[in-house]
file protein.tsv (TSV, C-alpha atoms)
chain	number	residue	atom	x	y	z
P	1	MET	CA	28.21	80.71	120.40
P	2	LYS	CA	26.39	77.44	120.93
P	3	ILE	CA	23.10	77.25	122.82
P	4	ILE	CA	22.20	74.10	124.76
P	5	THR	CA	18.87	73.79	126.55
P	6	ILE	CA	17.54	71.22	128.99
P	7	SER	CA	13.79	71.04	129.52
P	8	GLY	CA	11.38	68.81	131.38
P	9	VAL	CA	8.90	68.68	134.21
P	10	ASP	CA	9.74	69.77	137.74
P	11	GLY	CA	12.07	67.36	139.51
P	12	SER	CA	13.36	65.69	136.32
P	13	GLY	CA	16.97	66.68	137.02
P	14	LYS	CA	17.45	69.66	134.69
P	15	SER	CA	19.49	71.81	137.09
P	16	THR	CA	21.75	68.92	138.10
P	17	GLN	CA	22.63	68.15	134.49
P	18	ILE	CA	23.16	71.79	133.54
P	19	LYS	CA	25.63	72.20	136.41
P	20	LEU	CA	27.49	69.01	135.44
P	21	LEU	CA	27.65	70.16	131.82
P	22	GLN	CA	28.86	73.61	132.86
P	23	GLU	CA	31.66	72.10	134.95
P	24	TYR	CA	32.62	69.78	132.09
P	25	LEU	CA	32.79	72.54	129.47
P	26	GLU	CA	34.64	74.94	131.76
P	27	SER	CA	37.18	72.20	132.49
P	28	ARG	CA	37.89	72.28	128.76
P	29	ASP	CA	38.54	76.05	128.91
P	30	MET	CA	35.18	76.97	127.40
P	31	ARG	CA	33.53	80.24	128.38
P	32	VAL	CA	30.05	79.35	129.63
P	33	PHE	CA	27.03	81.51	130.44
P	34	TYR	CA	24.35	80.00	132.70
P	35	PHE	CA	20.78	80.96	131.74
P	36	HIS	CA	17.57	80.20	133.62
P	37	ALA	CA	14.45	81.11	131.63
P	38	ILE	CA	12.23	81.55	134.70
P	39	GLU	CA	14.71	83.71	136.63
P	40	PHE	CA	15.35	85.74	133.46
P	41	GLY	CA	11.62	86.26	132.91
P	42	LEU	CA	10.11	89.71	133.27
P	43	ALA	CA	7.29	88.33	135.43
P	44	THR	CA	9.81	86.99	137.96
P	45	LYS	CA	11.73	90.26	138.02
P	46	LEU	CA	8.54	92.25	138.63
P	47	ALA	CA	7.51	89.88	141.41
P	48	ASP	CA	10.94	90.20	143.05
P	49	PHE	CA	10.76	93.99	142.72
P	50	LYS	CA	7.37	94.02	144.43
P	51	LYS	CA	8.63	91.86	147.28
P	52	LYS	CA	11.58	94.17	147.78
P	53	TYR	CA	9.90	97.57	147.51
P	54	CYS	CA	6.13	97.14	148.10
P	55	LEU	CA	5.41	99.08	151.31
P	56	ILE	CA	1.98	97.51	151.83
P	57	CYS	CA	3.40	94.01	151.59
P	58	LYS	CA	6.17	94.89	154.00
P	59	ILE	CA	3.73	96.29	156.56
P	60	LYS	CA	1.43	93.28	156.30
P	61	GLY	CA	4.32	90.83	156.03
P	62	LEU	CA	3.08	89.39	152.75
P	63	CYS	CA	6.36	89.56	150.87
P	64	ASN	CA	8.79	88.09	153.34
P	65	ILE	CA	9.23	84.85	151.36
P	66	LYS	CA	12.14	84.64	148.95
P	67	SER	CA	11.25	83.88	145.36
P	68	SER	CA	13.21	80.61	145.51
P	69	GLU	CA	10.98	79.49	148.38
P	70	THR	CA	7.61	80.24	146.81
P	71	LYS	CA	5.52	77.38	145.57
P	72	SER	CA	4.99	76.91	141.86
P	73	VAL	CA	1.92	78.50	140.32
P	74	THR	CA	-0.69	75.89	139.44
P	75	LYS	CA	-3.71	78.17	138.93
P	76	ALA	CA	-4.21	81.49	137.17
P	77	ASN	CA	-7.12	83.56	135.91
P	78	TRP	CA	-7.62	84.71	132.31
P	79	LEU	CA	-5.88	88.06	132.79
P	80	GLN	CA	-2.87	86.48	134.49
P	81	ILE	CA	-2.51	84.02	131.62
P	82	GLN	CA	-2.68	86.78	129.01
P	83	LEU	CA	-0.02	88.73	130.89
P	84	ARG	CA	2.20	85.65	130.87
P	85	LYS	CA	1.85	85.45	127.09
P	86	ILE	CA	2.78	89.11	126.72
P	87	PHE	CA	5.75	88.73	129.07
P	88	LEU	CA	6.91	85.67	127.13
P	89	ARG	CA	7.07	87.64	123.89
P	90	ILE	CA	8.97	90.43	125.65
P	91	ASP	CA	11.34	87.90	127.21
P	92	ILE	CA	12.12	86.43	123.79
P	93	LEU	CA	13.09	89.87	122.50
P	94	ARG	CA	15.22	90.44	125.59
P	95	PHE	CA	16.85	87.04	125.06
P	96	LYS	CA	17.80	87.89	121.49
P	97	LYS	CA	19.52	91.05	122.74
P	98	LEU	CA	21.31	88.99	125.37
P	99	ILE	CA	22.56	86.61	122.68
P	100	LYS	CA	24.08	89.48	120.70
P	101	LYS	CA	25.77	90.78	123.84
P	102	LEU	CA	27.23	87.37	124.72
P	103	GLU	CA	28.47	86.84	121.17
P	104	LYS	CA	30.37	90.14	121.38
P	105	GLU	CA	31.89	88.92	124.64
P	106	LYS	CA	32.94	85.71	122.81
P	107	ILE	CA	31.08	83.34	125.11
P	108	ASP	CA	31.40	79.78	123.80
P	109	TYR	CA	28.24	78.24	125.29
P	110	LEU	CA	24.95	79.42	126.71
P	111	LEU	CA	23.49	76.66	128.89
P	112	SER	CA	19.79	77.05	129.57
P	113	ASP	CA	18.24	75.50	132.67
P	114	ARG	CA	14.70	75.35	131.33
P	115	PHE	CA	13.96	77.35	128.22
P	116	PHE	CA	11.04	79.23	126.73
P	117	TYR	CA	9.64	75.83	125.80
P	118	ASP	CA	9.04	75.25	129.51
P	119	SER	CA	7.31	78.63	129.75
P	120	VAL	CA	4.96	77.69	126.91
P	121	VAL	CA	4.11	74.40	128.61
P	122	ASN	CA	3.40	76.26	131.86
P	123	ILE	CA	1.05	78.67	130.08
P	124	HIS	CA	-0.90	75.88	128.41
P	125	TYR	CA	-1.12	73.99	131.68
P	126	LEU	CA	-2.63	77.04	133.40
P	127	GLU	CA	-4.91	77.63	130.44
P	128	ASN	CA	-5.89	73.94	130.40
P	129	SER	CA	-5.50	73.97	126.62
P	130	ASP	CA	-3.93	71.75	123.98
P	131	ILE	CA	-0.39	72.72	122.99
P	132	LYS	CA	-0.08	70.87	119.69
P	133	ASN	CA	-0.99	73.87	117.51
P	134	SER	CA	0.39	76.53	119.82
P	135	ALA	CA	1.70	79.65	118.07
P	136	LEU	CA	3.77	80.74	121.08
P	137	ILE	CA	7.49	80.94	120.11
P	138	GLN	CA	6.66	79.13	116.87
P	139	ASN	CA	8.11	81.91	114.72
P	140	SER	CA	11.10	82.62	116.95
P	141	LYS	CA	14.34	81.51	115.32
P	142	PHE	CA	16.75	80.26	117.93
P	143	LYS	CA	20.04	78.79	116.74
P	144	ILE	CA	20.09	75.98	119.27
P	145	GLN	CA	22.91	73.45	119.16
P	146	ASN	CA	21.14	70.88	121.34
P	147	SER	CA	17.73	70.91	122.98
P	148	PHE	CA	17.30	68.07	125.47
P	149	TYR	CA	14.10	66.78	127.04
P	150	MET	CA	14.45	64.92	130.33
P	151	ASP	CA	12.09	61.98	129.92
P	152	ILE	CA	11.10	60.51	133.28
P	153	SER	CA	7.89	59.07	134.67
P	154	PRO	CA	6.03	61.42	137.05
P	155	GLU	CA	5.52	58.45	139.37
P	156	GLN	CA	9.28	58.05	139.79
P	157	ILE	CA	9.72	61.75	140.53
P	158	MET	CA	7.11	61.55	143.29
P	159	GLN	CA	8.99	58.65	144.92
P	160	ARG	CA	12.05	60.81	145.50
P	161	GLU	CA	12.90	62.29	148.88
P	162	ARG	CA	12.80	65.81	147.43
P	163	LYS	CA	9.65	65.79	145.33
P	164	PRO	CA	7.82	68.74	143.73
P	165	ASP	CA	5.05	70.31	145.80
P	166	GLN	CA	2.59	70.39	142.88
P	167	GLY	CA	1.70	66.70	143.01
P	168	LEU	CA	1.42	63.77	140.61
P	169	GLU	CA	-1.49	65.03	138.48
P	170	TYR	CA	0.37	68.27	137.75
P	171	LEU	CA	3.46	66.38	136.58
P	172	GLN	CA	1.41	63.99	134.45
P	173	LYS	CA	-0.36	66.84	132.65
P	174	LYS	CA	2.85	68.74	131.96
P	175	THR	CA	4.53	65.57	130.70
P	176	GLU	CA	1.64	65.11	128.27
P	177	LEU	CA	2.00	68.69	127.05
P	178	PHE	CA	5.74	68.40	126.53
P	179	LYS	CA	5.37	65.22	124.50
P	180	GLN	CA	2.98	66.97	122.10
P	181	LYS	CA	5.78	69.34	121.05
P	182	ILE	CA	9.01	67.31	121.28
P	183	GLU	CA	9.19	66.78	117.52
P	184	ASP	CA	8.20	70.36	116.62
P	185	TRP	CA	10.84	71.74	118.98
P	186	ASN	CA	13.45	69.27	117.68
P	187	MET	CA	14.19	67.96	121.16
P	188	GLN	CA	16.51	65.05	121.85
P	189	ILE	CA	14.99	62.68	124.39
P	190	ILE	CA	17.17	61.73	127.34
P	191	ASP	CA	16.15	58.80	129.53
P	192	ALA	CA	16.10	60.53	132.93
P	193	ASN	CA	15.09	57.38	134.81
P	194	GLN	CA	18.80	56.51	134.99
P	195	SER	CA	21.40	57.65	137.53
P	196	LYS	CA	22.65	61.23	137.19
P	197	GLU	CA	26.03	59.91	136.01
P	198	GLU	CA	24.44	57.82	133.24
P	199	ILE	CA	22.26	60.74	132.19
P	200	PHE	CA	25.24	63.09	132.04
P	201	ASN	CA	27.28	60.63	129.99
P	202	ALA	CA	24.44	60.46	127.47
P	203	ILE	CA	24.22	64.26	127.25
P	204	LYS	CA	27.99	64.71	127.15
P	205	SER	CA	28.42	62.22	124.31
P	206	ILE	CA	25.91	64.11	122.16
P	207	VAL	CA	27.35	67.55	122.99
P	208	THR	CA	30.91	66.35	122.34
P	209	LEU	CA	29.88	64.69	119.08
P	210	ARG	CA	28.24	67.89	117.86
P	211	THR	CA	31.24	69.97	118.94
P	212	LEU	CA	33.78	67.94	116.96
call {"tool": "encode", "arguments": {"input": "protein.tsv", "output": "structure tokens"}}
result
Amino acid sequence: MKIITISGVDGSGKSTQIKLLQEYLESRDMRVFYFHAIEFGLATKLADFKKKYCLICKIKGLCNIKSSETKSVTKANWLQIQLRKIFLRIDILRFKKLIKKLEKEKIDYLLSDRFFYDSVVNIHYLENSDIKNSALIQNSKFKIQNSFYMDISPEQIMQRERKPDQGLEYLQKKTELFKQKIEDWNMQIIDANQSKEEIFNAIKSIVTLRTL
């Protein structure tokens, strides 16, 4: 099974490209599994569980917002950050079990909309720390076929009609963090300032080349 990941800051076009790639591969009779690192994460599942079953939140009406509608987290205290690090390590173990399961099911491709790389960047953003020497996921051995980074200027993202709620400074900081680890994570840079068709053609040509 081949693993392909697409990472980048919010609004860079990751989900659009993953969906296009999924449609392309399935049109070639490939069995594809869609993976979203944030939705898969234990922290997200616990938050969704709380919203569904927390009696206090239901009475006070605090949990009536769907997870897809909540705003991105831009601040966290020390304990919340440490919990995120613990959850990340657990999620990596869960992911490795998932890989074994999918291989038994003879899935051809796992396409990851965001990956644990994005989770690491989020943690360092919240921690306001340098990522260059980060040990998070450093020793995790993922057999990734292609890992793409959507390279786009934060200023261009903020000019779009549907722009992230976190603001320009947030996007600039996360872009800086990503670029500190592109080489270490063996990411292939995709110029995401182009049209979605041009971006997809660039991704498709690399994926097809590696598949042959």
call {"tool": "closest_residue", "arguments": {"input": "protein.tsv", "among": "P:Gln180, P:Ser195, P:Gln159, P:Ser153", "to": "Val121 (chain P)", "atoms": "only C-alpha atoms"}}
result
P:Gln180
call {"tool": "residues_around", "arguments": {"input": "protein.tsv", "residues": "region 106-119 of chain P", "least_positions_apart": "2", "cutoff": "6 Å", "atoms": "only C-alpha atoms", "output": "PyMOL selection string"}}
result
chain P and resi 1-7+15+30-37+102-104+121-122
call {"tool": "closest_residue", "arguments": {"input": "protein.tsv", "among": "P:Glu176, P:Glu161, P:Asp151, P:Asp29", "to": "Ile190 (chain P)", "atoms": "only C-alpha atoms"}}
result
P:Asp151
call {"tool": "closest_residue", "arguments": {"input": "protein.tsv", "among": "P:Asp91, P:Ala192, P:Phe148, P:Leu20", "to": "Glu39 (chain P)", "atoms": "all atoms listed in the file"}}
result
P:Asp91
call {"tool": "residues_around", "arguments": {"input": "protein.tsv", "residues": "Gly11 (chain P)", "least_positions_apart": "6", "cutoff": "10 Å", "atoms": "all atoms listed in the file", "output": "list in words"}}
result
Met150, Ile152, Pro154, Gln156, Ile157, Met158, Arg160, Arg162, Lys163, Pro164, Asp165 and Leu171 of chain P
call {"tool": "residues_around", "arguments": {"input": "protein.tsv", "residues": "Trp185 (chain P)", "least_positions_apart": "3", "cutoff": "9 Å", "atoms": "only C-alpha atoms", "output": "mmCIF file with C-alpha atoms, keeping the file's coordinate frame"}}
result
data_model
loop_
_atom_site.group_PDB
_atom_site.id
_atom_site.type_symbol
_atom_site.label_atom_id
_atom_site.label_comp_id
_atom_site.auth_asym_id
_atom_site.auth_seq_id
_atom_site.Cartn_x
_atom_site.Cartn_y
_atom_site.Cartn_z
ATOM 1 C CA TYR P 117 9.640 75.830 125.800
ATOM 2 C CA GLN P 138 6.660 79.130 116.870
ATOM 3 C CA SER P 147 17.730 70.910 122.980
ATOM 4 C CA LYS P 181 5.780 69.340 121.050
ATOM 5 C CA ILE P 182 9.010 67.310 121.280
#
call {"tool": "atom_distance", "arguments": {"input": "protein.tsv", "atom1": "CA of Glu197 (chain P)", "atom2": "CA of Gly167 (chain P)"}}
result
26.2 Å
call {"tool": "closest_residue", "arguments": {"input": "protein.tsv", "among": "P:Ile131, P:Leu21, P:Leu42, P:Ile203", "to": "Arg94 (chain P)", "atoms": "all atoms listed in the file"}}
result
P:Leu42
call {"tool": "residues_near_point", "arguments": {"input": "protein.tsv", "point": "(8.3, 82.5, 123.0)", "cutoff": "9 Å", "atoms": "only C-alpha atoms", "output": "PyMOL selection string"}}
result
chain P and resi 85+88-93+116-117+119-120+135-140
call {"tool": "write_last_selection", "arguments": {"input": "protein.tsv", "atoms": "C-alpha atoms", "output": "short mmCIF file (atom, residue, chain, number, x, y, z; two decimals), in the frame of the given file"}}
result
data_model
loop_
_atom_site.label_atom_id
_atom_site.label_comp_id
_atom_site.auth_asym_id
_atom_site.auth_seq_id
_atom_site.Cartn_x
_atom_site.Cartn_y
_atom_site.Cartn_z
CA LYS P 85 1.85 85.45 127.09
CA LEU P 88 6.91 85.67 127.13
CA ARG P 89 7.07 87.64 123.89
CA ILE P 90 8.97 90.43 125.65
CA ASP P 91 11.34 87.90 127.21
CA ILE P 92 12.12 86.43 123.79
CA LEU P 93 13.09 89.87 122.50
CA PHE P 116 11.04 79.23 126.73
CA TYR P 117 9.64 75.83 125.80
CA SER P 119 7.31 78.63 129.75
CA VAL P 120 4.96 77.69 126.91
CA ALA P 135 1.70 79.65 118.07
CA LEU P 136 3.77 80.74 121.08
CA ILE P 137 7.49 80.94 120.11
CA GLN P 138 6.66 79.13 116.87
CA ASN P 139 8.11 81.91 114.72
CA SER P 140 11.10 82.62 116.95
#
call {"tool": "atom_distance", "arguments": {"input": "protein.tsv", "atom1": "CA of Leu79 (chain P)", "atom2": "CA of Asp184 (chain P)"}}
result
27.8 Å
call {"tool": "atom_distance", "arguments": {"input": "protein.tsv", "atom1": "CA of Ile18 (chain P)", "atom2": "CA of Lys100 (chain P)"}}
result
21.9 Å
